[in-house]
Structures are given as structure tokens and as C-alpha cells.
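To be precise, the following lines are query14.txt, and they hold compact mmCIF, C-alpha atoms and all ligand atoms.
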# COMPACT_ATOMS: atom_id res chain seq x y z
CA MET W 1 18.39 -15.50 -7.10
CA SER W 2 16.15 -18.42 -6.18
CA VAL W 3 12.71 -18.82 -7.71
CA ALA W 4 11.06 -19.09 -4.32
CA GLY W 5 12.75 -15.89 -3.24
CA ARG W 6 14.54 -17.51 -0.35
CA GLU W 7 17.92 -16.05 -1.16
CA VAL W 8 19.08 -13.19 -3.29
CA HIS W 9 22.66 -13.36 -4.47
CA THR W 10 23.93 -10.13 -5.97
CA SER W 11 26.22 -10.82 -8.87
CA PRO W 12 29.93 -10.14 -8.35
CA THR W 13 30.87 -6.63 -9.41
CA PRO W 14 34.32 -5.75 -10.66
CA GLY W 15 36.61 -4.59 -7.89
CA PRO W 16 37.65 -5.90 -4.51
CA ARG W 17 34.22 -6.24 -2.86
CA PRO W 18 33.04 -9.89 -2.57
CA ALA W 19 29.59 -10.96 -3.67
CA THR W 20 27.07 -10.34 -0.90
CA THR W 21 24.27 -12.71 0.09
CA VAL W 22 21.10 -11.12 1.45
CA THR W 23 18.33 -13.27 2.86
CA ALA W 24 15.08 -11.98 1.42
CA PRO W 25 11.74 -12.51 3.16
CA VAL W 26 10.21 -15.81 2.16
CA ARG W 27 7.09 -15.72 0.00
CA GLY W 28 5.13 -18.88 0.81
CA ARG W 29 2.56 -20.89 -1.09
CA ALA W 30 -1.07 -19.78 -0.99
CA HIS W 31 -3.38 -22.62 0.07
CA VAL W 32 -6.83 -21.53 -1.09
CA VAL W 33 -9.68 -23.32 0.67
CA LEU W 34 -12.99 -23.26 -1.25
CA PRO W 35 -15.96 -24.63 0.72
CA ALA W 36 -18.38 -25.63 -2.01
CA TYR W 37 -21.98 -26.72 -1.82
CA ASN W 38 -23.62 -27.02 -5.24
CA GLU W 39 -21.18 -24.69 -6.96
CA ALA W 40 -20.81 -26.62 -10.25
CA ALA W 41 -21.81 -23.53 -12.24
CA SER W 42 -19.35 -21.18 -10.55
CA LEU W 43 -16.23 -23.30 -9.97
CA PRO W 44 -14.93 -23.51 -13.57
CA SER W 45 -14.75 -19.73 -13.86
CA LEU W 46 -13.35 -19.31 -10.33
CA LEU W 47 -10.66 -21.98 -10.78
CA ARG W 48 -9.62 -20.39 -14.08
CA ARG W 49 -9.27 -17.03 -12.36
CA ILE W 50 -7.23 -18.65 -9.57
CA ALA W 51 -5.06 -20.28 -12.25
CA GLU W 52 -4.31 -16.77 -13.56
CA VAL W 53 -2.96 -15.90 -10.10
CA SER W 54 -0.85 -19.06 -10.09
CA ARG W 55 1.19 -17.63 -12.98
CA THR W 56 2.89 -15.35 -10.47
CA GLU W 57 2.15 -17.06 -7.13
CA ARG W 58 2.56 -20.60 -5.92
CA VAL W 59 -1.05 -21.71 -5.31
CA THR W 60 -2.84 -24.88 -4.24
CA ALA W 61 -6.65 -24.80 -4.39
CA TRP W 62 -8.45 -27.07 -1.92
CA VAL W 63 -12.05 -27.58 -3.01
CA VAL W 64 -14.19 -29.07 -0.23
CA ASP W 65 -17.27 -30.56 -1.84
CA ASP W 66 -19.80 -30.71 0.97
CA GLY W 67 -22.14 -33.43 -0.28
CA SER W 68 -23.26 -31.45 -3.33
CA SER W 69 -25.99 -32.90 -5.51
CA ASP W 70 -25.21 -30.90 -8.66
CA GLY W 71 -22.04 -32.68 -9.78
CA THR W 72 -19.64 -30.17 -8.16
CA ALA W 73 -17.02 -32.90 -7.63
CA ASP W 74 -17.27 -34.14 -11.24
CA VAL W 75 -16.78 -30.60 -12.52
CA VAL W 76 -13.66 -30.18 -10.37
CA ASP W 77 -12.33 -33.59 -11.46
CA ALA W 78 -12.89 -32.81 -15.13
CA ILE W 79 -11.66 -29.25 -15.25
CA ASP W 80 -8.39 -28.58 -16.98
CA VAL W 81 -6.71 -25.58 -15.43
CA ALA W 82 -3.14 -25.86 -16.57
CA GLY W 83 -0.57 -24.99 -13.97
CA LEU W 84 -2.95 -24.89 -11.02
CA ASP W 85 -2.62 -27.53 -8.30
CA VAL W 86 -6.24 -28.46 -7.49
CA ARG W 87 -7.10 -30.89 -4.69
CA LEU W 88 -10.59 -32.18 -4.06
CA VAL W 89 -11.78 -33.25 -0.60
CA ARG W 90 -15.27 -34.70 -0.33
CA HIS W 91 -17.90 -35.02 2.36
CA PRO W 92 -20.23 -37.87 1.37
CA VAL W 93 -23.16 -35.92 2.86
CA ASN W 94 -23.80 -32.20 3.44
CA LEU W 95 -22.30 -31.21 6.79
CA GLY W 96 -22.61 -27.42 6.50
CA LEU W 97 -20.23 -24.55 5.87
CA GLY W 98 -18.51 -24.81 9.28
CA GLN W 99 -17.49 -28.42 8.79
CA ALA W 100 -16.39 -27.71 5.23
CA VAL W 101 -14.14 -24.89 6.45
CA GLN W 102 -12.76 -27.13 9.21
CA THR W 103 -12.05 -29.94 6.71
CA GLY W 104 -10.38 -27.51 4.29
CA LEU W 105 -8.19 -25.91 6.96
CA LYS W 106 -7.13 -29.33 8.23
CA ALA W 107 -6.23 -30.56 4.76
CA ALA W 108 -4.31 -27.38 3.93
CA LEU W 109 -2.46 -27.38 7.28
CA SER W 110 -1.40 -31.00 6.77
CA ASP W 111 0.37 -29.94 3.59
CA ALA W 112 1.48 -26.39 4.40
CA GLU W 113 4.95 -25.25 5.32
CA GLU W 114 5.77 -22.57 7.90
CA ASP W 115 6.04 -19.73 5.36
CA ASP W 116 2.83 -20.57 3.49
CA PHE W 117 -0.48 -18.86 4.11
CA ILE W 118 -4.03 -20.15 4.05
CA VAL W 119 -6.87 -18.33 2.32
CA VAL W 120 -10.56 -19.15 2.70
CA MET W 121 -12.90 -17.72 0.08
CA ASP W 122 -16.39 -18.38 -1.26
CA ALA W 123 -16.67 -20.80 -4.16
CA ASP W 124 -19.48 -18.78 -5.77
CA ASP W 125 -17.07 -16.64 -7.85
CA THR W 126 -18.06 -13.37 -6.14
CA HIS W 127 -14.59 -12.84 -4.61
CA ASP W 128 -11.72 -11.68 -6.80
CA PRO W 129 -8.78 -14.15 -6.62
CA ALA W 130 -6.42 -11.34 -7.66
CA LEU W 131 -6.58 -10.26 -4.00
CA ILE W 132 -4.63 -13.39 -3.03
CA THR W 133 -1.40 -11.58 -3.92
CA LYS W 134 -2.33 -8.66 -1.66
CA LEU W 135 -3.16 -11.08 1.13
CA GLY W 136 0.26 -12.72 0.78
CA ASN W 137 1.92 -9.31 0.94
CA GLU W 138 0.10 -8.47 4.16
CA ILE W 139 1.14 -11.77 5.75
CA LEU W 140 4.72 -11.18 4.61
CA ALA W 141 4.59 -7.72 6.19
CA GLY W 142 3.62 -9.21 9.56
CA ALA W 143 -0.16 -9.70 9.64
CA ASP W 144 -1.47 -12.96 11.14
CA VAL W 145 -5.02 -12.56 9.85
CA VAL W 146 -6.03 -10.49 6.82
CA ILE W 147 -9.70 -9.78 6.17
CA CYS W 148 -11.01 -8.80 2.76
CA SER W 149 -13.34 -6.12 4.01
CA ARG W 150 -16.40 -4.55 2.44
CA PHE W 151 -16.37 -1.80 5.03
CA VAL W 152 -13.06 -0.02 4.50
CA ASP W 153 -12.17 2.62 1.90
CA GLY W 154 -12.26 1.00 -1.53
CA GLY W 155 -14.49 -1.89 -0.42
CA ASP W 156 -18.17 -2.24 -1.25
CA ASP W 157 -21.11 -4.60 -1.27
CA LYS W 158 -23.56 -2.60 -3.34
CA THR W 159 -24.29 -5.54 -5.63
CA ALA W 160 -25.59 -7.63 -2.69
CA PRO W 161 -29.28 -7.74 -1.77
CA LEU W 162 -30.42 -5.16 0.77
CA PHE W 163 -31.17 -7.68 3.55
CA ARG W 164 -27.68 -9.15 3.24
CA ARG W 165 -26.08 -5.72 3.41
CA MET W 166 -28.08 -4.96 6.52
CA LEU W 167 -27.14 -8.27 8.14
CA SER W 168 -23.41 -7.89 7.56
CA ARG W 169 -23.44 -4.25 8.71
CA GLY W 170 -25.53 -5.05 11.79
CA ALA W 171 -23.23 -7.94 12.67
CA ALA W 172 -20.18 -5.69 12.24
CA VAL W 173 -21.57 -3.02 14.60
CA LEU W 174 -22.59 -5.62 17.18
CA PHE W 175 -19.37 -7.63 17.19
CA ARG W 176 -17.15 -4.55 17.11
CA ARG W 177 -18.91 -3.04 20.10
CA VAL W 178 -19.05 -6.21 22.16
CA LEU W 179 -15.61 -7.58 21.37
CA GLY W 180 -13.55 -4.42 21.20
CA LEU W 181 -11.59 -5.64 18.16
CA VAL W 182 -10.99 -2.12 16.90
CA ASP W 183 -8.92 -3.15 13.87
CA VAL W 184 -11.80 -5.17 12.41
CA HIS W 185 -14.61 -3.60 10.36
CA ASP W 186 -15.92 -6.72 8.60
CA PHE W 187 -16.52 -9.69 10.89
CA THR W 188 -18.56 -11.84 8.52
CA SER W 189 -16.56 -11.69 5.30
CA GLY W 190 -15.92 -15.16 3.91
CA PHE W 191 -12.65 -14.07 2.29
CA ARG W 192 -9.65 -14.06 4.63
CA ALA W 193 -6.05 -15.16 4.93
CA TYR W 194 -4.32 -16.69 7.94
CA ARG W 195 -0.69 -17.21 8.88
CA VAL W 196 0.00 -20.97 9.07
CA SER W 197 1.69 -20.79 12.49
CA LEU W 198 -1.38 -19.04 13.94
CA LEU W 199 -3.78 -21.73 12.71
CA THR W 200 -1.41 -24.45 13.86
CA ARG W 201 -1.33 -23.00 17.38
CA ALA W 202 -5.10 -22.62 17.45
CA SER W 203 -5.84 -26.08 16.10
CA THR W 204 -3.38 -27.63 18.55
CA HIS W 205 -5.39 -26.01 21.35
CA TRP W 206 -8.96 -26.50 20.07
CA GLY W 207 -8.51 -29.57 17.84
CA GLU W 208 -11.83 -30.64 16.33
CA ARG W 209 -13.56 -27.83 18.27
CA LEU W 210 -11.78 -25.08 16.32
CA VAL W 211 -14.93 -24.71 14.19
CA GLU W 212 -18.08 -25.84 16.01
CA GLU W 213 -20.67 -23.72 14.23
CA ARG W 214 -22.21 -25.59 11.31
CA GLY W 215 -23.45 -22.55 9.45
CA PHE W 216 -22.26 -19.11 8.37
CA ALA W 217 -21.45 -18.02 11.95
CA CYS W 218 -18.32 -20.18 11.64
CA MET W 219 -16.38 -17.25 10.15
CA VAL W 220 -17.05 -15.10 13.22
CA GLU W 221 -16.41 -18.05 15.53
CA LEU W 222 -12.96 -18.55 14.03
CA LEU W 223 -12.11 -14.90 14.63
CA LEU W 224 -13.37 -15.07 18.21
CA LYS W 225 -11.20 -18.08 18.96
CA LEU W 226 -8.12 -16.76 17.18
CA ARG W 227 -8.25 -13.49 19.13
CA HIS W 228 -7.04 -15.44 22.17
CA CYS W 229 -3.73 -15.83 20.26
CA HIS W 230 -3.47 -12.00 20.04
CA PRO W 231 -3.05 -11.94 16.25
CA VAL W 232 -2.13 -8.89 14.20
CA ILE W 233 -5.27 -8.35 12.11
CA THR W 234 -5.34 -6.16 9.01
CA GLU W 235 -7.94 -5.52 6.32
CA VAL W 236 -7.77 -5.00 2.57
CA PRO W 237 -10.71 -3.60 0.57
CA LEU W 238 -13.11 -6.12 -0.96
CA GLU W 239 -15.41 -5.22 -3.79
CA LEU W 240 -17.99 -7.97 -3.45
CA ARG W 241 -19.26 -8.99 -6.90
CA TYR W 242 -22.62 -10.45 -5.98
CA ASP W 243 -23.75 -9.77 -9.54
CA ARG W 244 -21.52 -12.68 -10.62
CA LYS W 245 -23.45 -15.16 -8.45
CA GLN W 246 -25.02 -17.95 -10.50
CA GLY W 247 -27.58 -19.29 -8.02
CA PRO W 248 -29.33 -18.17 -4.86
CA SER W 249 -27.42 -17.51 -1.64
CA LYS W 250 -27.18 -20.44 0.74
CA LEU W 251 -27.46 -18.16 3.74
CA LYS W 252 -30.62 -18.52 5.83
CA LEU W 253 -31.24 -15.10 7.36
CA ARG W 254 -33.12 -15.95 10.57
CA ARG W 255 -31.02 -18.99 11.29
CA THR W 256 -27.82 -16.98 10.87
CA ILE W 257 -29.02 -14.18 13.19
CA VAL W 258 -29.84 -16.78 15.87
CA GLN W 259 -26.40 -18.35 15.36
CA TYR W 260 -24.65 -14.96 15.80
CA VAL W 261 -26.50 -14.21 19.05
CA ARG W 262 -25.88 -17.72 20.41
CA LEU W 263 -22.22 -17.52 19.45
CA LEU W 264 -21.79 -14.21 21.23
CA ALA W 265 -23.55 -15.50 24.37
CA ARG W 266 -21.38 -18.62 24.41
CA ASP W 267 -18.24 -16.55 23.92
CA ARG W 268 -19.20 -14.32 26.87
CA LEU W 269 -19.89 -17.34 29.08
CA THR W 270 -16.81 -19.36 28.16
CA PRO W 271 -13.67 -18.42 30.06
CA ALA W 272 -10.65 -17.50 27.92
CA PRO W 273 -8.02 -20.25 27.61
CA TYR W 274 -6.14 -20.38 30.94
CA ARG W 275 -2.76 -20.30 29.31
CA GLU W 276 -1.20 -18.09 26.67
CA LEU W 277 -1.78 -19.55 23.19
N1 LIG O 1 -19.57 -26.75 2.32
C1 LIG O 1 -20.62 -26.02 2.36
N2 LIG O 1 -20.48 -24.89 1.81
C2 LIG O 1 -21.53 -24.16 1.86
C3 LIG O 1 -22.73 -24.54 2.46
N3 LIG O 1 -23.52 -23.56 2.35
C4 LIG O 1 -22.79 -22.63 1.70
N4 LIG O 1 -21.62 -23.02 1.39
C5 LIG O 1 -20.52 -22.37 0.70
O1 LIG O 1 -20.21 -21.28 1.47
C6 LIG O 1 -19.90 -20.20 0.64
C7 LIG O 1 -20.80 -19.08 1.02
O2 LIG O 1 -22.12 -19.32 0.57
P1 LIG O 1 -22.79 -18.30 -0.41
O3 LIG O 1 -24.01 -18.87 -1.00
O4 LIG O 1 -21.73 -17.83 -1.35
O5 LIG O 1 -23.19 -17.15 0.59
P2 LIG O 1 -23.25 -15.60 0.32
O6 LIG O 1 -22.32 -15.29 -0.80
O7 LIG O 1 -22.80 -15.03 1.60
O8 LIG O 1 -24.66 -15.33 -0.01
C8 LIG O 1 -20.05 -20.71 -0.79
O9 LIG O 1 -18.77 -21.07 -1.26
C9 LIG O 1 -20.94 -21.91 -0.63
O10 LIG O 1 -20.73 -22.90 -1.61
C10 LIG O 1 -22.85 -25.80 3.02
O11 LIG O 1 -23.87 -26.26 3.56
N5 LIG O 1 -21.74 -26.50 2.95
MG MG O 2 -20.72 -15.91 -1.54
Turn this file's structure into C-alpha cells for me.
Ligand SMILES: Nc1nc2c(ncn2[C@@H]2O[C@H](COP(=O)(O)OP(=O)(O)O)[C@@H](O)[C@H]2O)c(=O)[nH]1
Ligand SMILES: [Mg+2]
Amino acid sequence: MSVAGREVHTSPTPGPRPATTVTAPVRGRAHVVLPAYNEAASLPSLLRRIAEVSRTERVTAWVVDDGSSDGTADVVDAIDVAGLDVRLVRHPVNLGLGQAVQTGLKAALSDAEEDDFIVVMDADDTHDPALITKLGNEILAGADVVICSRFVDGGDDKTAPLFRRMLSRGAAVLFRRVLGLVDVHDFTSGFRAYRVSLLTRASTHWGERLVEERGFACMVELLLKLRHCHPVITEVPLELRYDRKQGPSKLKLRRTIVQYVRLLARDRLTPAPYREL
């Protein structure tokens, strides 16, 4: 049996039957993209928790330091998380969450193999890395996009401030109604996994325009663009642990609402890609 699970050889049993070789589904590497802006206080704990996952999964963590001023990059450089492959990508100045996600996806795609999967999660230590294994299972079972969702059975966001809960619920109702993506209950979750071949197809088509939103609307934008590839989308429950957050949220409420509305208007006005993606 190979470590990567590529082939399973059953051992020869006494008797006339020859040893059989069964090709098992391939379990790829998890590339975990962590967009980080001033997350020096949260990253040590988060990377240690991701290292726990890397005992049973092959994991590479891609920290994108987006021009932080709190020594985020130094913390990542200095941290000793045995067994975890940590890569640091830096923006010399703050370019916003959208650009950080774009940079992280690009870096991970340049290194990923066909059977790997790419996870994006917050760097504020409010998302449980143990879900990475579940995400890999969903991808292995045929999903192209897996959303860690606060709004399915078993998920919750009760530790988040009221205005944030209202924003994410409102956005979910709006996007669900307008877009008709019936399988999706949580459009704004920052914790998702993507099949590598899906992101490769999408980034071949959109290139640098795959993520144009600078702010938090980038997560919805990505979903809107990927839907043109007709992905299989599934959700797993997310218990958001906002009580673990070390500093204030970086989300600006009014700015994000404006971004959502603008994004939706642009999506309505832009014709779908003329050819099948
Ligand atoms: N790269 C980058 N990341 C950001 C920026 N703003 C927020 N983030 C990251 O985006 C993620 C989401 O922000 P967070 O404060 O956790 O938002 P909340 O949990 O939704 O309140 C975190 O990992 C932040 O470090 C930014 O300007 N640039
Ligand atoms: Mg967060």
C-alpha cells in the first residue's frame, strides 16, 4: 500500500488466486491559503492547529502577508511548527483581502498537482483547521467547491457580533434569491475548498481578473465567477469561533454592503462567458 494512497496492493493469500491490484482514489495535498493582515497574535496558534492536521494529511500552508504593520511576517518566519510546510508570500503594501486571496490562489496553483485541493480560510484563528480533512473527503467524493457553512444543520455563528450575523444572513438571502444557487446557504463564508482543476480552468479564462474585488466581497465574486464552470457545490457545517478572535474585525460594514450590491449589479450586467468553461 502506498503512503499517498495511490495504489492498494492486497497481500498474496495462500491458494491459486493471484495478488490483486486495486487503484484507490487519490487523496491529494491540501494547500491552505491564509490571507493575513495584522494577524501576528493569531497565526502561531492557527499554524500549530494546522500542524496537528498535517500529522494525518499532507498540508502546505500559504500565508499571504498583506503589508501588515504588526510583524506578521516575522512571526511566520520565526515560528517552529515541526512537520508543517509553511510558505510566506508578501505584499510590500496593503492591497486588500481580494488581492491577498488572488496572490494566495496563484501561488498555491503554481505548486499544486491535479489531485490536490486548495483551501482558503481566515487567519484570525476562528475557523477550525480540523475541517480540512472533511473538505478533502468532499472533494474526493466529487465536489468541486466545498463551503464551510454557518447556515446548515450543525453550523452556527452565535459567537459573532449581531451586526455581522445580520449581514451574512442578509447577504445569503439576497444572493440565493437572485442567483438561484439552491445548493448554497452561506455565500460569504471565508472558509472554502476548491478542486484544483476548477480553479485552473477559471484562472485560465479570467487571469488577473479572477478576483477584482479588493475587499470582503471577493469571496462572493469568486463563487459568482466559478458558477459559470457549473461546479458541484457542497457544504459542511461550520461552527464559527468568533470568541477566539484576538483583535477587531477588519470588515467595514457599510463598505461591504456597497460592494455586495455593486457586485450583484455588475454580475447582472455582464454577459456570461460565450463559451463553455
Ligand atoms: N490580506 C488581507 N487580509 C485581510 C485584509 N483585511 C482582512 N484580511 C484577512 O481576511 C480575513 C478575514 O478578516 P477578519 O478580520 O477575520 O474578518 P471577520 O472574521 O469576517 O470579521 C483575515 O484572515 C484577515 O487577516 C486585508 O486588507 N488584507
Ligand atoms: Mg475571521
Problem - At most 6 Å from ligand LIG 1 (chain O) (all atoms listed in the file): residue list as a ChimeraX atom specification - result: /W:35-37,39,66,94,96-97,100,122-124,249-251
Practice task
Counting all atoms listed in the file, name the residues that have an atom within 12 Å of an atom of ligand MG 2 (chain O); the answer should be given as number ranges by chain.
Solution key: W: 34-37, 39, 42, 46, 97, 120-128, 157, 159-161, 164, 188-191, 216, 240-251
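For the choices W:Val32, W:Cys218, W:Met166, W:Val184, the atom-to-atom distance to Ile50 in chain W is smallest for W:Val32 when using only C-alpha atoms.
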Practice task
Choose the residue, out of W:Leu226, W:Val178, W:Asp111, W:Asp77, that has the smallest atom-to-atom separation from Ala272 in chain W; count only C-alpha atoms.
Solution key: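 Result for the nearest residue to Ala272 in chain W: W:Leu226.
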Handout entry: Shell of 7 Å around Ala51 in chain W, all atoms listed in the file, local chain residues under 6 positions omitted, as an MDAnalysis selection string
Key = chainID W and resid 81 83:84
Just-selected residues, C-alpha atoms written as a PDB file, in the coordinates of the input:
ATOM      1  CA  VAL W  81      -6.710 -25.580 -15.430  1.00  0.00           C
ATOM      2  CA  GLY W  83      -0.570 -24.990 -13.970  1.00  0.00           C
ATOM      3  CA  LEU W  84      -2.950 -24.890 -11.020  1.00  0.00           C
TER       4      LEU W  84
END
Handout entry: Shortest interatomic distance to Arg165 in chain W - which of W:Leu253, W:Ile147, W:Val53, W:Val101, counting only C-alpha atoms
Key =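 Going through W:Leu253, W:Ile147, W:Val53, W:Val101 one by one, the smallest distance to Arg165 in chain W is for W:Leu253.
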Can you rebuild range 222-233 of chain W with all heavy atoms and give it as an mmCIF file, keeping the file's coordinate frame?
data_model
loop_
_atom_site.group_PDB
_atom_site.id
_atom_site.type_symbol
_atom_site.label_atom_id
_atom_site.label_comp_id
_atom_site.auth_asym_id
_atom_site.auth_seq_id
_atom_site.Cartn_x
_atom_site.Cartn_y
_atom_site.Cartn_z
ATOM 1 N N LEU W 222 -14.405 -18.373 14.228
ATOM 2 C CA LEU W 222 -12.960 -18.550 14.030
ATOM 3 C C LEU W 222 -12.200 -17.314 14.525
ATOM 4 O O LEU W 222 -11.182 -17.422 15.210
ATOM 5 C CB LEU W 222 -12.712 -18.787 12.537
ATOM 6 C CG LEU W 222 -11.443 -19.498 12.104
ATOM 7 C CD1 LEU W 222 -11.191 -20.752 12.921
ATOM 8 C CD2 LEU W 222 -11.539 -19.853 10.617
ATOM 9 N N LEU W 223 -12.741 -16.149 14.201
ATOM 10 C CA LEU W 223 -12.110 -14.900 14.630
ATOM 11 C C LEU W 223 -12.121 -14.773 16.158
ATOM 12 O O LEU W 223 -11.134 -14.361 16.769
ATOM 13 C CB LEU W 223 -12.864 -13.731 13.986
ATOM 14 C CG LEU W 223 -12.092 -12.495 13.598
ATOM 15 C CD1 LEU W 223 -10.871 -12.837 12.778
ATOM 16 C CD2 LEU W 223 -12.998 -11.542 12.819
ATOM 17 N N LEU W 224 -13.248 -15.158 16.745
ATOM 18 C CA LEU W 224 -13.370 -15.070 18.210
ATOM 19 C C LEU W 224 -12.340 -15.975 18.886
ATOM 20 O O LEU W 224 -11.715 -15.601 19.879
ATOM 21 C CB LEU W 224 -14.767 -15.491 18.677
ATOM 22 C CG LEU W 224 -15.938 -14.621 18.234
ATOM 23 C CD1 LEU W 224 -17.197 -14.954 19.007
ATOM 24 C CD2 LEU W 224 -15.622 -13.160 18.429
ATOM 25 N N LYS W 225 -12.170 -17.155 18.348
ATOM 26 C CA LYS W 225 -11.200 -18.080 18.960
ATOM 27 C C LYS W 225 -9.773 -17.614 18.721
ATOM 28 O O LYS W 225 -8.941 -17.629 19.629
ATOM 29 C CB LYS W 225 -11.439 -19.497 18.437
ATOM 30 C CG LYS W 225 -12.691 -20.105 19.055
ATOM 31 C CD LYS W 225 -12.908 -21.524 18.648
ATOM 32 C CE LYS W 225 -13.970 -22.154 19.553
ATOM 33 N NZ LYS W 225 -14.759 -23.179 18.874
ATOM 34 N N LEU W 226 -9.493 -17.171 17.491
ATOM 35 C CA LEU W 226 -8.120 -16.760 17.180
ATOM 36 C C LEU W 226 -7.688 -15.531 17.973
ATOM 37 O O LEU W 226 -6.507 -15.322 18.203
ATOM 38 C CB LEU W 226 -7.981 -16.479 15.670
ATOM 39 C CG LEU W 226 -8.089 -17.699 14.755
ATOM 40 C CD1 LEU W 226 -7.994 -17.264 13.296
ATOM 41 C CD2 LEU W 226 -7.002 -18.728 15.061
ATOM 42 N N ARG W 227 -8.646 -14.715 18.410
ATOM 43 C CA ARG W 227 -8.250 -13.490 19.130
ATOM 44 C C ARG W 227 -7.524 -13.822 20.436
ATOM 45 O O ARG W 227 -6.773 -13.011 20.951
ATOM 46 C CB ARG W 227 -9.443 -12.570 19.368
ATOM 47 C CG ARG W 227 -10.272 -12.862 20.618
ATOM 48 C CD ARG W 227 -11.440 -11.914 20.645
ATOM 49 N NE ARG W 227 -12.191 -11.898 21.885
ATOM 50 C CZ ARG W 227 -13.040 -12.848 22.285
ATOM 51 N NH1 ARG W 227 -13.203 -13.950 21.570
ATOM 52 N NH2 ARG W 227 -13.712 -12.699 23.417
ATOM 53 N N HIS W 228 -7.748 -15.034 20.957
ATOM 54 C CA HIS W 228 -7.040 -15.440 22.170
ATOM 55 C C HIS W 228 -5.538 -15.641 21.905
ATOM 56 O O HIS W 228 -4.750 -15.757 22.831
ATOM 57 C CB HIS W 228 -7.642 -16.718 22.754
ATOM 58 C CG HIS W 228 -9.050 -16.523 23.249
ATOM 59 N ND1 HIS W 228 -9.367 -15.645 24.257
ATOM 60 C CD2 HIS W 228 -10.223 -17.068 22.845
ATOM 61 C CE1 HIS W 228 -10.677 -15.662 24.473
ATOM 62 N NE2 HIS W 228 -11.218 -16.513 23.620
ATOM 63 N N CYS W 229 -5.159 -15.726 20.630
ATOM 64 C CA CYS W 229 -3.730 -15.830 20.260
ATOM 65 C C CYS W 229 -3.131 -14.443 20.032
ATOM 66 O O CYS W 229 -1.979 -14.330 19.622
ATOM 67 C CB CYS W 229 -3.562 -16.664 18.986
ATOM 68 S SG CYS W 229 -4.197 -18.325 19.052
ATOM 69 N N HIS W 230 -3.906 -13.399 20.233
ATOM 70 C CA HIS W 230 -3.470 -12.000 20.040
ATOM 71 C C HIS W 230 -2.867 -11.766 18.647
ATOM 72 O O HIS W 230 -1.731 -11.280 18.525
ATOM 73 C CB HIS W 230 -2.457 -11.597 21.125
ATOM 74 C CG HIS W 230 -2.937 -11.928 22.498
ATOM 75 N ND1 HIS W 230 -3.986 -11.267 23.100
ATOM 76 C CD2 HIS W 230 -2.543 -12.869 23.376
ATOM 77 C CE1 HIS W 230 -4.208 -11.795 24.278
ATOM 78 N NE2 HIS W 230 -3.358 -12.770 24.482
ATOM 79 N N PRO W 231 -3.601 -12.106 17.608
ATOM 80 C CA PRO W 231 -3.050 -11.940 16.250
ATOM 81 C C PRO W 231 -3.018 -10.478 15.813
ATOM 82 O O PRO W 231 -3.814 -9.664 16.281
ATOM 83 C CB PRO W 231 -4.053 -12.709 15.379
ATOM 84 C CG PRO W 231 -5.345 -12.604 16.126
ATOM 85 C CD PRO W 231 -4.989 -12.604 17.589
ATOM 86 N N VAL W 232 -2.087 -10.170 14.915
ATOM 87 C CA VAL W 232 -2.130 -8.890 14.200
ATOM 88 C C VAL W 232 -3.156 -9.055 13.081
ATOM 89 O O VAL W 232 -3.007 -9.941 12.232
ATOM 90 C CB VAL W 232 -0.743 -8.542 13.603
ATOM 91 C CG1 VAL W 232 -0.832 -7.273 12.748
ATOM 92 C CG2 VAL W 232 0.289 -8.391 14.701
ATOM 93 N N ILE W 233 -4.211 -8.228 13.111
ATOM 94 C CA ILE W 233 -5.270 -8.350 12.110
ATOM 95 C C ILE W 233 -5.275 -7.097 11.228
ATOM 96 O O ILE W 233 -5.276 -5.988 11.741
ATOM 97 C CB ILE W 233 -6.661 -8.493 12.763
ATOM 98 C CG1 ILE W 233 -6.670 -9.670 13.748
ATOM 99 C CG2 ILE W 233 -7.744 -8.681 11.702
ATOM 100 C CD1 ILE W 233 -7.989 -9.837 14.507
#
